[in-house]
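J.: Quick one: this structure, given as structure tokens, is what I'll be asking you about.
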Amino acid sequence: MKSDHTAWFYANLIAILLAINPRGLKGVTVKSQFGPVRDAWLKYLKDLTVLCGSQILKAPANISADQLKGALDIEASLQSASLVMSKGLLERVEGNLLLLPMAERMDIHAIALISQALDEKNTIDAVTHFGVIAFDESDNADEAISARLLDRLAFELYLDQFSLADIHDSLEVDAEDIAKAKKLLPAVKCSNDYLEVMTKAGLSLGVGSVRASQFALEAAKTLAALRGLSEVGQDEVLDASRLVYTPSKRMHINPEMDHADQDSEENQDEQNQDTESQSDDTQNDSESPDQPNQEQPSNEELEDLIVEAIKASIPPQLLRQPKQNLPAGKSAAHISGKSGAVQKNFLSGRPLTSRKGRPQDGRRLDILKSIRAAIPWQRLRGMMLSGDQPKSMRTRIDFRAEDLHIKQYLRRRGTVTIFLVDASGSSATQRLAEAKGALEELLAQCYIRRDEVAMVSMRGAKAEIVLPPTRSLVRAKRHLATLPGGGGTPLAAGLRAANEMAISLERKGLTPIIVVMSDGKANVNLKGVGGRESAHSDALMAAKELRVKNHRLLFVDTSPKPEILAQELSSAMAAQYFPLPFASSTSSGKKISQAAMQLANS
Amino acid sequence: MALNFPFTAIVSQAEMKLAITLCTIDPLIGGVLIFGDRGTGKSTTIRSLAGLLPSMKSIAGCQYHCNPDSKILCSECEAKKAQGIKLKVENVPVPVVDLPLGATEDRVVGALDIEKALTQGIKSFEPGLLAKANRGYLYIDEVNLLEDHLVDLLIDVAASGENIIEREGLSIRHPARFVLIGSGNPEEGELRPQMLDRFGLSTEVRTPSDFKERVEIIKRRDEFERNPERFIAAWEKSEAEFKKKISQSQKLLDKVAVDDDLLEVATKLCAHLGTDGLRGELTLLRGVRALAAFEGKKKASLNHLKKIAPLALGHRLRRNPLDDSSSSARIDRAMQEFFATPSK
């Protein structure tokens, strides 16, 4: 498969560019599961960085702000009786590359510190710059890498598409090439025309952030430097745009369009691959001769060319596919691995002030605080002791038990209300409006309660997350405004989706509440096939799965009069049953939100 | 010190620049809140502020840069004054302090000086970021993600202008008057209404969609990164001019007259919009004055009011969860309503 080879070469190229110019390009997000392909890519990059005389520093998975910024080095401080600060990772990484494993699980504060450092250190000073390689191992929609970090890194790489066979040969670069490129880079120029073309192409592709356009320019320059050119040419413009304007850099595609794409996806697949290999071919052709007398297309044509090339490159749906095909066993193993982390959680979370106490049952001693508590007493204690104790027995700091402080953490036990909404043809418009009303009603309470809401809709043959957990009114509004309705009722799939979401939220230390809004008349089973019988038995099964997990549940029966099927389901999942005959949307929204809040407080 | 991108070289984003300029002219306006998408130049603009500020007089050696002309001094300077020691005065740059997101409470309010405690065994106070920011600016990036306990603390200090420390056997109070500047992305979480109210002005920034502007931004940024010294030198003249304009406006500020009619319109507008509290009116008034001074006028006009109202009142509107338009759209609508009806 030729196209995969070229794609792998592009992955190589990204590594090379990053090794040459970490200051301007800042880094790459690697979306991939752990595996040999990723290892191969990392090794490739490692070899390159060694050539450049720098190294890759790996951050621990649960890195804290202290580790990043540097903190008091207690041992050294006590030894030398003066303040010794340990160097933080952000300081040590200067001039090197920082590798962030499991970037999607990182604390938002750590991400904020890293992105702040990227902004400050990479701008001017040639010495303090560093690059970031963020490994994004998320395999479902509700875990994703922070958009803040994503926006600040030039490239994005999807490695799940490769098999081992695709990667056996890589682009070869030697130290001399890189050194030359590094030297050449500051002198590389880019003409205004090309700059305009790149920016325009970015705009028409819906690239919102100015950073992305900036990265495209940097990438084009670095490419030119690599190819030994002193000015950015047309090929560089094309390649750079293609590398930088990745799907997630582009504006959020609204769900409606997403569907339209998905329907025709299968047909497009092959077409896309054809066009892609074709465009690659043309590209290779134009690359190899590289003669100045070659016919240059006008700027508009070039812009179109860029847009075409990017549109022809792999669509986002295709990239998501390999993740969906993960074997079930693997994801199960994943979960059990993480559930261990939950138990440790009662000792972690947001730091609070320390309090007096002994470091027992795994509680951590706050050394700094303990010293602080001991310091004021040192002279007094010293005077008391000096008479009756030999000098050698005395330590530098005389600790008493009452000085000891232990760390305390605040574990955020917020609640997330997951709305599972039946958006099928029969109940769509009216009930959907009610669900939206309830959702917004809950959101309005968020100021005080600091709760989050999420929404899963059941429609057609499958359930989908329309609104990932959020506390933001702005975001909820935008997602809800485009919520489509119509089709069958895949109740079983919906219950499963809500269950999965609830489990993953629980893992993060949040309390999920599920509000099911349905008439209980399932007509699509788990396989996505119509038929009331099998659909209902599947739904019952999924309901029992929910019961096993002991979630807090509210079943809102949306049929005109209480429905036996709904009651059956409700009791199968041990939910609170809540019949809701026809009413105006605002008042019923209030009722639902009240009931959900009662459930949260129970 | 890191070199900052020149303020005057920032392309477009007029509203954000105006808000920051007005706050520089009259710090009493009470800070700016900037909400917007990623990659719109929020941080760049605020960091460039440092280069724009004129230097100020301060008591030499004072950790809190006390103002020698002011009656309120920190306890140390007060003690020195009482002993009859002559206080030296020096010119220092106005501090612009960055409050990083992960900052601990110790770092913000100050704590026991460990080094002195360890080496000399004495109890002394190590001032925190709030002390550093006294008489200057405190910039909080991602203000909506700030820890709740820090938000409470900041609200309290910003309101009282004084930082009180009672911990680890320390009992200290020192002046902490600063202008809060916050930035954030509303999609990542909302700001508590109490905190929202502390900010005098608020603005929403968007990515420029005009491609010429974008090209200009990228060109300038590229030039700057290539050779910051040269770029700054090239913009020095316009920076100096702008600086001069600001100090002129500062002098003019007290002379700007606001007549009763305009005041009445302002009050009616606030009532019409249903803003909570009097802070809205006060900021509106101060903003109008600063804008008039900035334009070199001695009398504020209705146009000034119209220009300031969205900035000063946008974030004070009561939030209706069922109304999904942005605050700027809502205030535009309300203003149109208000000025269309002849409310005299």
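Here's how to read the names in the structure tokens: chain A, B, ... by the order shown, residue numbers from 1 in each chain, ligand numbers from 1 in the order shown.
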Based on the backbone DSSP call, show me all residues of segment 56-189 of chain B assigned helix (DSSP H, G or I), as an MDAnalysis selection string.

T.: chainID B and resid 75:82 105:109 114:120 129:132 143:145 148:160 186:188

J.: Counting only C-alpha atoms, which residue out of A:Leu89, A:Glu172, A:Arg496, A:Leu17 sits closest to Ala216 of chain A?

T.: A:Leu17

J.: Tell me which protein, DNA and RNA residues are within 7 Å of Phe211 of chain B, counting only C-alpha atoms, leaving out same-chain ones fewer than 3 positions away, and put them as a ChimeraX atom specification.

T.: /A:199-200 /B:214-215

J.: Just write the chosen residues, C-alpha atoms, as an mmCIF file, in the first residue's frame.

T.:
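Okay, part.cif is ready:
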```
data_model
loop_
_atom_site.group_PDB
_atom_site.id
_atom_site.type_symbol
_atom_site.label_atom_id
_atom_site.label_comp_id
_atom_site.auth_asym_id
_atom_site.auth_seq_id
_atom_site.Cartn_x
_atom_site.Cartn_y
_atom_site.Cartn_z
ATOM 1 C CA THR A 199 -3.686 32.068 5.721
ATOM 2 C CA LYS A 200 -6.495 32.210 3.199
ATOM 3 C CA ARG B 214 -4.619 37.628 9.933
ATOM 4 C CA VAL B 215 -1.811 37.903 7.457
#
```

J.: Within 12 Å of segment 224-231 of chain A, counting only C-alpha atoms, which residues show up once you throw out same-chain ones fewer than 5 positions away? Write them as a PyMOL selection string, please.

T.: chain A and resi 13-14+16-21+173-192+194-195+217-219+236-240+287-288+290

J.: Quick one: DSSP strand (DSSP E or B) residues in segment 119-331 of chain B, as a PyMOL selection string?

T.: chain B and resi 125-127+136-141+162-167+170-175+178-184+201-205+257+299

J.: Counting only C-alpha atoms, figure out which residue out of B:Cys66, B:Ala103, B:Val108, B:Ile155 gets nearest to chain A.

T.: B:Ala103

J.: Counting only C-alpha atoms, which residue out of B:Lys237, B:Arg135, B:Arg226, B:Arg38 sits closest to Asn67 of chain B?

T.: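 Using only C-alpha atoms, Asn67 of chain B sits closest to B:Arg135.
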
J.: What's the 9 Å shell around Ser12 of chain B, counting only C-alpha atoms, without same-chain residues fewer than 5 positions away, as a list in words?

T.: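 Listing them by chain and then by number gives Lys17, Pro208, Glu213 and Ile217 of chain B.
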